[in-house]
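Engineer: Sharing target.pdb (PDB, C-alpha atoms) below.
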```
ATOM      1  CA  LEU A  24      24.370  29.881 -30.230
ATOM      2  CA  ALA A  25      26.603  32.943 -30.335
ATOM      3  CA  LYS A  26      30.018  32.390 -28.800
ATOM      4  CA  THR A  27      31.550  35.098 -26.651
ATOM      5  CA  THR A  28      35.181  36.060 -26.104
ATOM      6  CA  GLN A  29      36.394  38.036 -23.106
ATOM      7  CA  PRO A  30      39.782  38.848 -21.590
ATOM      8  CA  ILE A  31      40.802  36.278 -19.011
ATOM      9  CA  SER A  32      41.725  38.838 -16.370
ATOM     10  CA  MET A  33      42.006  42.546 -15.646
ATOM     11  CA  ASP A  34      43.562  44.591 -12.869
ATOM     12  CA  SER A  35      42.323  47.920 -11.596
ATOM     13  CA  TYR A  36      42.631  50.237  -8.591
ATOM     14  CA  GLU A  37      39.944  51.484  -6.299
ATOM     15  CA  GLY A  38      38.097  54.508  -7.623
ATOM     16  CA  GLN A  39      38.882  53.828 -11.273
ATOM     17  CA  GLU A  40      36.367  53.142 -14.009
ATOM     18  CA  VAL A  41      36.687  49.648 -15.442
ATOM     19  CA  ASN A  42      35.594  48.639 -18.927
ATOM     20  CA  ILE A  43      35.344  44.963 -19.847
ATOM     21  CA  THR A  44      34.750  44.193 -23.483
ATOM     22  CA  CYS A  45      33.080  41.089 -24.858
ATOM     23  CA  SER A  46      33.185  39.979 -28.477
ATOM     24  CA  HIS A  47      30.175  38.166 -29.973
ATOM     25  CA  ASN A  48      30.624  38.232 -33.737
ATOM     26  CA  ASN A  49      27.847  35.734 -34.483
ATOM     27  CA  ILE A  50      25.116  37.386 -32.437
ATOM     28  CA  ALA A  51      21.638  36.722 -33.815
ATOM     29  CA  THR A  52      18.791  39.151 -34.307
ATOM     30  CA  ASN A  53      16.819  37.921 -31.264
ATOM     31  CA  ASP A  54      19.838  37.695 -28.968
ATOM     32  CA  TYR A  55      20.156  39.909 -25.942
ATOM     33  CA  ILE A  56      23.451  40.580 -24.167
ATOM     34  CA  THR A  57      23.582  39.885 -20.467
ATOM     35  CA  TRP A  58      26.354  40.302 -17.930
ATOM     36  CA  TYR A  59      26.660  38.363 -14.703
ATOM     37  CA  GLN A  60      28.933  38.801 -11.690
ATOM     38  CA  GLN A  61      30.243  35.922  -9.605
ATOM     39  CA  PHE A  62      31.954  36.101  -6.233
ATOM     40  CA  PRO A  63      33.902  33.100  -4.898
ATOM     41  CA  SER A  64      31.695  30.297  -3.606
ATOM     42  CA  GLN A  65      28.524  31.975  -4.871
ATOM     43  CA  GLY A  66      26.388  31.570  -7.945
ATOM     44  CA  PRO A  67      26.504  34.222 -10.678
ATOM     45  CA  ARG A  68      24.081  37.078 -10.344
ATOM     46  CA  PHE A  69      22.554  39.284 -13.002
ATOM     47  CA  ILE A  70      24.142  42.714 -13.446
ATOM     48  CA  ILE A  71      22.776  44.259 -16.604
ATOM     49  CA  GLN A  72      21.198  43.413 -19.931
ATOM     50  CA  GLY A  73      20.779  45.181 -23.225
ATOM     51  CA  TYR A  74      19.948  44.821 -26.892
ATOM     52  CA  LYS A  75      21.504  47.901 -28.487
ATOM     53  CA  THR A  76      22.970  51.345 -27.705
ATOM     54  CA  LYS A  77      23.389  52.057 -24.010
ATOM     55  CA  VAL A  78      21.790  50.737 -20.867
ATOM     56  CA  THR A  79      22.494  52.052 -17.384
ATOM     57  CA  ASN A  80      21.392  50.913 -13.955
ATOM     58  CA  GLU A  81      22.538  51.589 -10.415
ATOM     59  CA  VAL A  82      25.434  49.146 -10.750
ATOM     60  CA  ALA A  83      26.852  49.452 -14.257
ATOM     61  CA  SER A  84      26.473  50.660 -17.823
ATOM     62  CA  LEU A  85      26.404  48.544 -20.939
ATOM     63  CA  PHE A  86      27.524  49.948 -24.264
ATOM     64  CA  ILE A  87      26.546  48.135 -27.455
ATOM     65  CA  PRO A  88      27.632  49.436 -30.878
ATOM     66  CA  ALA A  89      25.285  49.475 -33.838
ATOM     67  CA  ASP A  90      26.613  46.211 -35.318
ATOM     68  CA  ARG A  91      26.150  44.477 -31.916
ATOM     69  CA  LYS A  92      29.254  42.340 -32.496
ATOM     70  CA  SER A  93      30.716  43.437 -29.188
ATOM     71  CA  SER A  94      29.640  44.991 -25.920
ATOM     72  CA  THR A  95      31.377  46.781 -23.069
ATOM     73  CA  LEU A  96      30.492  46.543 -19.422
ATOM     74  CA  SER A  97      31.466  49.699 -17.582
ATOM     75  CA  LEU A  98      31.837  49.735 -13.805
ATOM     76  CA  PRO A  99      32.200  53.274 -12.429
ATOM     77  CA  ARG A 100      34.568  53.921  -9.538
ATOM     78  CA  VAL A 101      35.240  50.322  -8.564
ATOM     79  CA  SER A 102      35.890  49.270  -4.999
ATOM     80  CA  LEU A 103      37.601  46.223  -3.530
ATOM     81  CA  SER A 104      34.204  44.533  -3.298
ATOM     82  CA  ASP A 105      33.927  44.572  -7.091
ATOM     83  CA  THR A 106      36.677  41.963  -7.293
ATOM     84  CA  ALA A 107      34.861  39.091  -8.997
ATOM     85  CA  VAL A 108      34.485  37.163 -12.231
ATOM     86  CA  TYR A 109      32.330  38.827 -14.865
ATOM     87  CA  TYR A 110      30.594  36.775 -17.555
ATOM     88  CA  CYS A 111      29.146  37.962 -20.830
ATOM     89  CA  LEU A 112      26.360  35.869 -22.369
ATOM     90  CA  VAL A 113      24.225  36.268 -25.452
ATOM     91  CA  GLY A 114      20.919  34.489 -25.716
ATOM     92  CA  ASP A 115      17.552  34.501 -27.406
ATOM     93  CA  ARG A 116      14.940  36.391 -25.432
ATOM     94  CA  TYR A 117      12.075  34.462 -26.970
ATOM     95  CA  ASN A 118      13.283  30.881 -27.167
ATOM     96  CA  PHE A 119      14.784  28.472 -24.676
ATOM     97  CA  ASN A 120      18.393  29.212 -23.731
ATOM     98  CA  LYS A 121      21.007  26.820 -22.456
ATOM     99  CA  PHE A 122      23.027  29.699 -20.982
ATOM    100  CA  TYR A 123      26.586  28.685 -21.762
ATOM    101  CA  PHE A 124      28.993  30.492 -19.476
ATOM    102  CA  GLY A 125      32.570  30.822 -20.661
ATOM    103  CA  SER A 126      35.525  31.379 -18.371
ATOM    104  CA  GLY A 127      34.609  35.012 -17.786
ATOM    105  CA  THR A 128      36.901  37.910 -16.888
ATOM    106  CA  LYS A 129      38.542  37.886 -13.482
ATOM    107  CA  LEU A 130      38.616  41.489 -12.265
ATOM    108  CA  ASN A 131      41.105  42.167  -9.495
ATOM    109  CA  VAL A 132      40.642  45.526  -7.781
ATOM    110  CA  LYS A 133      43.658  46.672  -5.798
ATOM    111  CA  PRO A 134      43.743  49.262  -2.999
TER     112      PRO A 134
ATOM    113  CA  SER B  19       9.304  36.664  -4.952
ATOM    114  CA  GLN B  20      11.171  33.657  -6.222
ATOM    115  CA  THR B  21      13.802  31.826  -4.204
ATOM    116  CA  ILE B  22      16.005  28.864  -4.958
ATOM    117  CA  HIS B  23      17.405  26.473  -2.388
ATOM    118  CA  GLN B  24      20.194  23.927  -2.594
ATOM    119  CA  TRP B  25      21.417  21.399  -0.080
ATOM    120  CA  PRO B  26      23.661  20.369   1.335
ATOM    121  CA  ALA B  27      25.935  23.406   1.298
ATOM    122  CA  THR B  28      29.087  21.318   1.591
ATOM    123  CA  LEU B  29      29.742  17.618   1.198
ATOM    124  CA  VAL B  30      32.786  15.385   1.531
ATOM    125  CA  GLN B  31      32.384  11.949   0.018
ATOM    126  CA  PRO B  32      34.719   9.008  -0.645
ATOM    127  CA  VAL B  33      35.403   7.794  -4.161
ATOM    128  CA  GLY B  34      32.833   5.245  -5.228
ATOM    129  CA  SER B  35      30.090   6.489  -2.927
ATOM    130  CA  PRO B  36      26.684   7.665  -4.188
ATOM    131  CA  LEU B  37      25.594  11.281  -4.473
ATOM    132  CA  SER B  38      22.320  13.130  -4.232
ATOM    133  CA  LEU B  39      22.084  16.914  -4.449
ATOM    134  CA  GLU B  40      18.743  18.625  -4.262
ATOM    135  CA  CYS B  41      17.474  21.922  -5.599
ATOM    136  CA  THR B  42      14.055  23.461  -5.083
ATOM    137  CA  VAL B  43      12.525  26.652  -6.416
ATOM    138  CA  GLU B  44       9.762  28.657  -4.789
ATOM    139  CA  GLY B  45       7.519  31.367  -6.159
ATOM    140  CA  THR B  46       7.285  30.325  -9.789
ATOM    141  CA  SER B  47       5.659  27.562 -11.797
ATOM    142  CA  ASN B  48       7.146  25.386 -14.517
ATOM    143  CA  PRO B  49      10.585  26.993 -14.469
ATOM    144  CA  ASN B  50      13.429  25.817 -16.641
ATOM    145  CA  LEU B  51      15.998  24.205 -14.355
ATOM    146  CA  TYR B  52      19.734  23.754 -14.768
ATOM    147  CA  TRP B  53      22.660  22.018 -13.079
ATOM    148  CA  TYR B  54      26.156  23.429 -13.502
ATOM    149  CA  ARG B  55      29.533  22.348 -12.180
ATOM    150  CA  GLN B  56      32.428  24.684 -11.587
ATOM    151  CA  ALA B  57      35.906  23.275 -11.030
ATOM    152  CA  ALA B  58      38.339  25.358  -9.011
ATOM    153  CA  GLY B  59      39.305  28.517 -10.912
ATOM    154  CA  ARG B  60      37.229  27.570 -13.938
ATOM    155  CA  GLY B  61      34.030  28.686 -15.610
ATOM    156  CA  LEU B  62      30.618  27.061 -15.299
ATOM    157  CA  GLN B  63      30.006  23.818 -17.135
ATOM    158  CA  LEU B  64      26.394  23.096 -17.998
ATOM    159  CA  LEU B  65      25.566  19.512 -16.971
ATOM    160  CA  PHE B  66      21.794  19.113 -17.315
ATOM    161  CA  TYR B  67      18.734  21.173 -18.057
ATOM    162  CA  SER B  68      15.019  20.545 -17.820
ATOM    163  CA  VAL B  69      12.014  22.306 -19.301
ATOM    164  CA  GLY B  70       9.428  20.254 -17.425
ATOM    165  CA  ILE B  71       8.704  17.340 -15.095
ATOM    166  CA  GLY B  72      10.524  14.234 -16.235
ATOM    167  CA  GLN B  73      12.204  16.061 -19.115
ATOM    168  CA  ILE B  74      15.985  15.983 -18.723
ATOM    169  CA  SER B  75      18.628  16.875 -21.278
ATOM    170  CA  SER B  76      22.269  16.032 -20.710
ATOM    171  CA  GLU B  77      25.063  18.223 -21.978
ATOM    172  CA  VAL B  78      28.076  16.194 -20.917
ATOM    173  CA  PRO B  79      28.243  12.374 -20.860
ATOM    174  CA  GLN B  80      29.517  11.280 -17.464
ATOM    175  CA  ASN B  81      28.638   9.289 -14.393
ATOM    176  CA  LEU B  82      26.113  11.876 -13.212
ATOM    177  CA  SER B  83      22.369  11.868 -13.785
ATOM    178  CA  ALA B  84      19.542  14.278 -13.068
ATOM    179  CA  SER B  85      15.857  13.923 -12.327
ATOM    180  CA  ARG B  86      12.916  16.247 -11.961
ATOM    181  CA  PRO B  87      10.272  14.399  -9.952
ATOM    182  CA  GLN B  88       8.238  17.537  -9.242
ATOM    183  CA  ASP B  89       7.745  20.824 -11.039
ATOM    184  CA  ARG B  90      10.111  22.788  -8.831
ATOM    185  CA  GLN B  91      12.493  20.066  -7.689
ATOM    186  CA  PHE B  92      15.701  19.122  -9.472
ATOM    187  CA  ILE B  93      18.008  16.377  -8.249
ATOM    188  CA  LEU B  94      21.565  15.570  -9.278
ATOM    189  CA  SER B  95      22.747  12.030  -8.596
ATOM    190  CA  SER B  96      25.590   9.639  -9.035
ATOM    191  CA  LYS B  97      25.880   5.945  -8.254
ATOM    192  CA  LYS B  98      29.662   6.044  -7.852
ATOM    193  CA  LEU B  99      31.600   9.259  -7.407
ATOM    194  CA  LEU B 100      34.951   9.873  -9.085
ATOM    195  CA  LEU B 101      37.718  12.173  -7.919
ATOM    196  CA  SER B 102      36.992  14.341 -10.966
ATOM    197  CA  ASP B 103      33.457  14.972  -9.688
ATOM    198  CA  SER B 104      34.801  17.367  -7.069
ATOM    199  CA  GLY B 105      33.669  20.929  -7.616
ATOM    200  CA  PHE B 106      31.080  23.570  -6.911
ATOM    201  CA  TYR B 107      27.625  22.521  -8.076
ATOM    202  CA  LEU B 108      25.121  25.194  -8.902
ATOM    203  CA  CYS B 109      21.427  24.908  -9.604
ATOM    204  CA  ALA B 110      19.684  27.656 -11.544
ATOM    205  CA  TRP B 111      16.261  28.472 -12.890
ATOM    206  CA  SER B 112      14.981  30.637 -15.710
ATOM    207  CA  PRO B 113      11.413  31.687 -16.549
ATOM    208  CA  PRO B 114       9.195  29.093 -18.232
ATOM    209  CA  LEU B 115       8.763  28.972 -21.975
ATOM    210  CA  GLY B 116       6.391  31.681 -23.128
ATOM    211  CA  ARG B 117       8.051  34.285 -20.948
ATOM    212  CA  ALA B 118      11.267  36.197 -21.562
ATOM    213  CA  GLN B 119      14.076  33.648 -21.687
ATOM    214  CA  ASP B 120      16.975  35.939 -21.074
ATOM    215  CA  THR B 121      17.926  35.683 -17.398
ATOM    216  CA  GLN B 122      18.966  32.947 -14.990
ATOM    217  CA  TYR B 123      18.831  32.895 -11.220
ATOM    218  CA  PHE B 124      21.259  30.794  -9.229
ATOM    219  CA  GLY B 125      21.131  28.954  -5.955
ATOM    220  CA  PRO B 126      23.795  29.159  -3.237
ATOM    221  CA  GLY B 127      25.640  26.087  -4.505
ATOM    222  CA  THR B 128      27.037  22.866  -3.039
ATOM    223  CA  ARG B 129      30.757  22.423  -2.533
ATOM    224  CA  LEU B 130      31.547  18.727  -3.183
ATOM    225  CA  THR B 131      34.902  17.213  -2.319
ATOM    226  CA  VAL B 132      35.560  13.637  -3.365
ATOM    227  CA  LEU B 133      38.452  11.999  -1.522
TER     228      LEU B 133
END
```
Represent the structure of the file as structure tokens.
Structural biologist:
Amino acid sequence: LAKTTQPISMDSYEGQEVNITCSHNNIATNDYITWYQQFPSQGPRFIIQGYKTKVTNEVASLFIPADRKSSTLSLPRVSLSDTAVYYCLVGDRYNFNKFYFGSGTKLNVKP
Amino acid sequence: SQTIHQWPATLVQPVGSPLSLECTVEGTSNPNLYWYRQAAGRGLQLLFYSVGIGQISSEVPQNLSASRPQDRQFILSSKKLLLSDSGFYLCAWSPPLGRAQDTQYFGPGTRLTVL
């Protein structure tokens, strides 16, 4: 199972774009990259998922280079409500996953 | 649509008392089910997972146990709670084997305080 490495914390200000990078050097061919967001006293919720290149939805963008050994979650124009912990996971789309969550990245958005 | 329920929402228990947390999923059949624990300020620790009725796999040896008596019911238990069992317990489900295995969906969680 591919291990992921993320920064422990990041600070930002309202209105800025935030980029959180995740390293996954041992990613396997069938692995997809998924990002989750967790607010205090809530379970994580799915934000975005991708396999390669770029994926964009109404919440975020995910950039994945050709070697897929890292990925970057981009949050455009963050607000105070984006203050949360963000987790990066890699897992096989076709076989059972145990979904190991690391410590994530604590994003603190300041006014 | 699928929904996942957990109860109770909060629980305060004395050391040495038993524990039973329940999780149920609606709107899907034969889901994979998971129990996680999150200590204050920490990441999620996978405790148990199940791919079917009666099939339980343990990730961390401890005084907790899990059972899956029905397809969409997952129970976390303990005979005697320890102080270290305090935390936020989360139940999650993912699609059954044979479907895309890449996303999990979490319940609202149970906040357990052991005194």
Engineer: Specify as a ChimeraX atom specification each residue included when the PyMOL selection byres ((chain B) within 6 of (chain A)) is applied to this file.
Structural biologist: /B:61-62,118-120,124,126
Engineer: Just so the selection is clear, what residues does the PyMOL selection byres ((chain B and resi 72) around 10) cover here, as a list in words?
Structural biologist: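 After applying the PyMOL selection byres ((chain B and resi 72) around 10), what remains is Ser68, Val69, Gly70, Ile71, Gln73, Ile74, Ser75, Ala84, Ser85, Arg86, Pro87, Gln88, Asp89 and Phe92 of chain B.
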Engineer: Using only C-alpha atoms, which residue out of A:Val78, A:Ala83, A:Met33, A:Ala89 lies closest to A:Ala107?
Structural biologist: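 The answer is A:Met33, which sits nearest to A:Ala107.
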Engineer: At what distance in Å, to one decimal, does atom CA of A:Ser46 lie from atom CA of B:Arg55?
Structural biologist: 24.3 Å
Engineer: Can you turn the PyMOL selection byres ((chain B and resi 66) around 6) into a concrete residue list for this file, as a PyMOL selection string?
Structural biologist: chain B and resi 52-53+65+67+75-77
Engineer: Figure out the distance between atom CA of B:Val30 and atom CA of A:Gln60, please, to one decimal in Å.
Structural biologist: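 Taking atom CA of A:Gln60 and atom CA of B:Val30, their separation equals 27.2 Å.
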Engineer: Can you tell me how far atom CA of B:Ser112 sits from atom CA of A:Phe86, in Å to one decimal?
Structural biologist: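 Straight-line distance from atom CA of B:Ser112 to atom CA of A:Phe86 works out to 24.6 Å.
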Engineer: Extract, using only C-alpha atoms, all DNA, RNA and protein residues at most 9 Å from B:Pro113, discarding same-chain residues fewer than 6 positions from it, and format them as a list in words.
Structural biologist: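 Here the answer would be Thr46, Ser47, Asn48, Pro49, Asn50, Gln119, Asp120, Thr121 and Gln122 of chain B.
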Engineer: Which residue, B:Ser96, B:Gln31, B:Ser104, B:Gln20, has the smallest gap to B:Val43 when you use only C-alpha atoms?
Structural biologist: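 Among B:Ser96, B:Gln31, B:Ser104, B:Gln20, it is B:Gln20 that comes nearest to B:Val43.
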Engineer: Which one of A:Leu130, A:Cys111, A:Val82, A:Ile50 sits closest to A:Leu98 if you count all atoms listed in the file?
Structural biologist: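 That would be A:Val82, the residue with the smallest distance to A:Leu98.
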Engineer: Might you pull out every residue within 12 Å of B:Glu44, with only C-alpha atoms counted and same-chain residues fewer than 5 positions away left off, and present them as a list in words?
Structural biologist: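 Answer for this query is Ser19, Gln20, Thr21, Ile22, His23, Gln24, Pro49, Asp89, Arg90, Gln91, Trp111, Tyr123 and Gly125 of chain B.
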Engineer: Write the residues you've just listed into a file as an mmCIF file, in the coordinates of the input, and include C-alpha atoms for each of them.
Structural biologist:
```cif
data_model
loop_
_atom_site.group_PDB
_atom_site.id
_atom_site.type_symbol
_atom_site.label_atom_id
_atom_site.label_comp_id
_atom_site.auth_asym_id
_atom_site.auth_seq_id
_atom_site.Cartn_x
_atom_site.Cartn_y
_atom_site.Cartn_z
ATOM 1 C CA SER B 19 9.304 36.664 -4.952
ATOM 2 C CA GLN B 20 11.171 33.657 -6.222
ATOM 3 C CA THR B 21 13.802 31.826 -4.204
ATOM 4 C CA ILE B 22 16.005 28.864 -4.958
ATOM 5 C CA HIS B 23 17.405 26.473 -2.388
ATOM 6 C CA GLN B 24 20.194 23.927 -2.594
ATOM 7 C CA PRO B 49 10.585 26.993 -14.469
ATOM 8 C CA ASP B 89 7.745 20.824 -11.039
ATOM 9 C CA ARG B 90 10.111 22.788 -8.831
ATOM 10 C CA GLN B 91 12.493 20.066 -7.689
ATOM 11 C CA TRP B 111 16.261 28.472 -12.890
ATOM 12 C CA TYR B 123 18.831 32.895 -11.220
ATOM 13 C CA GLY B 125 21.131 28.954 -5.955
#
```
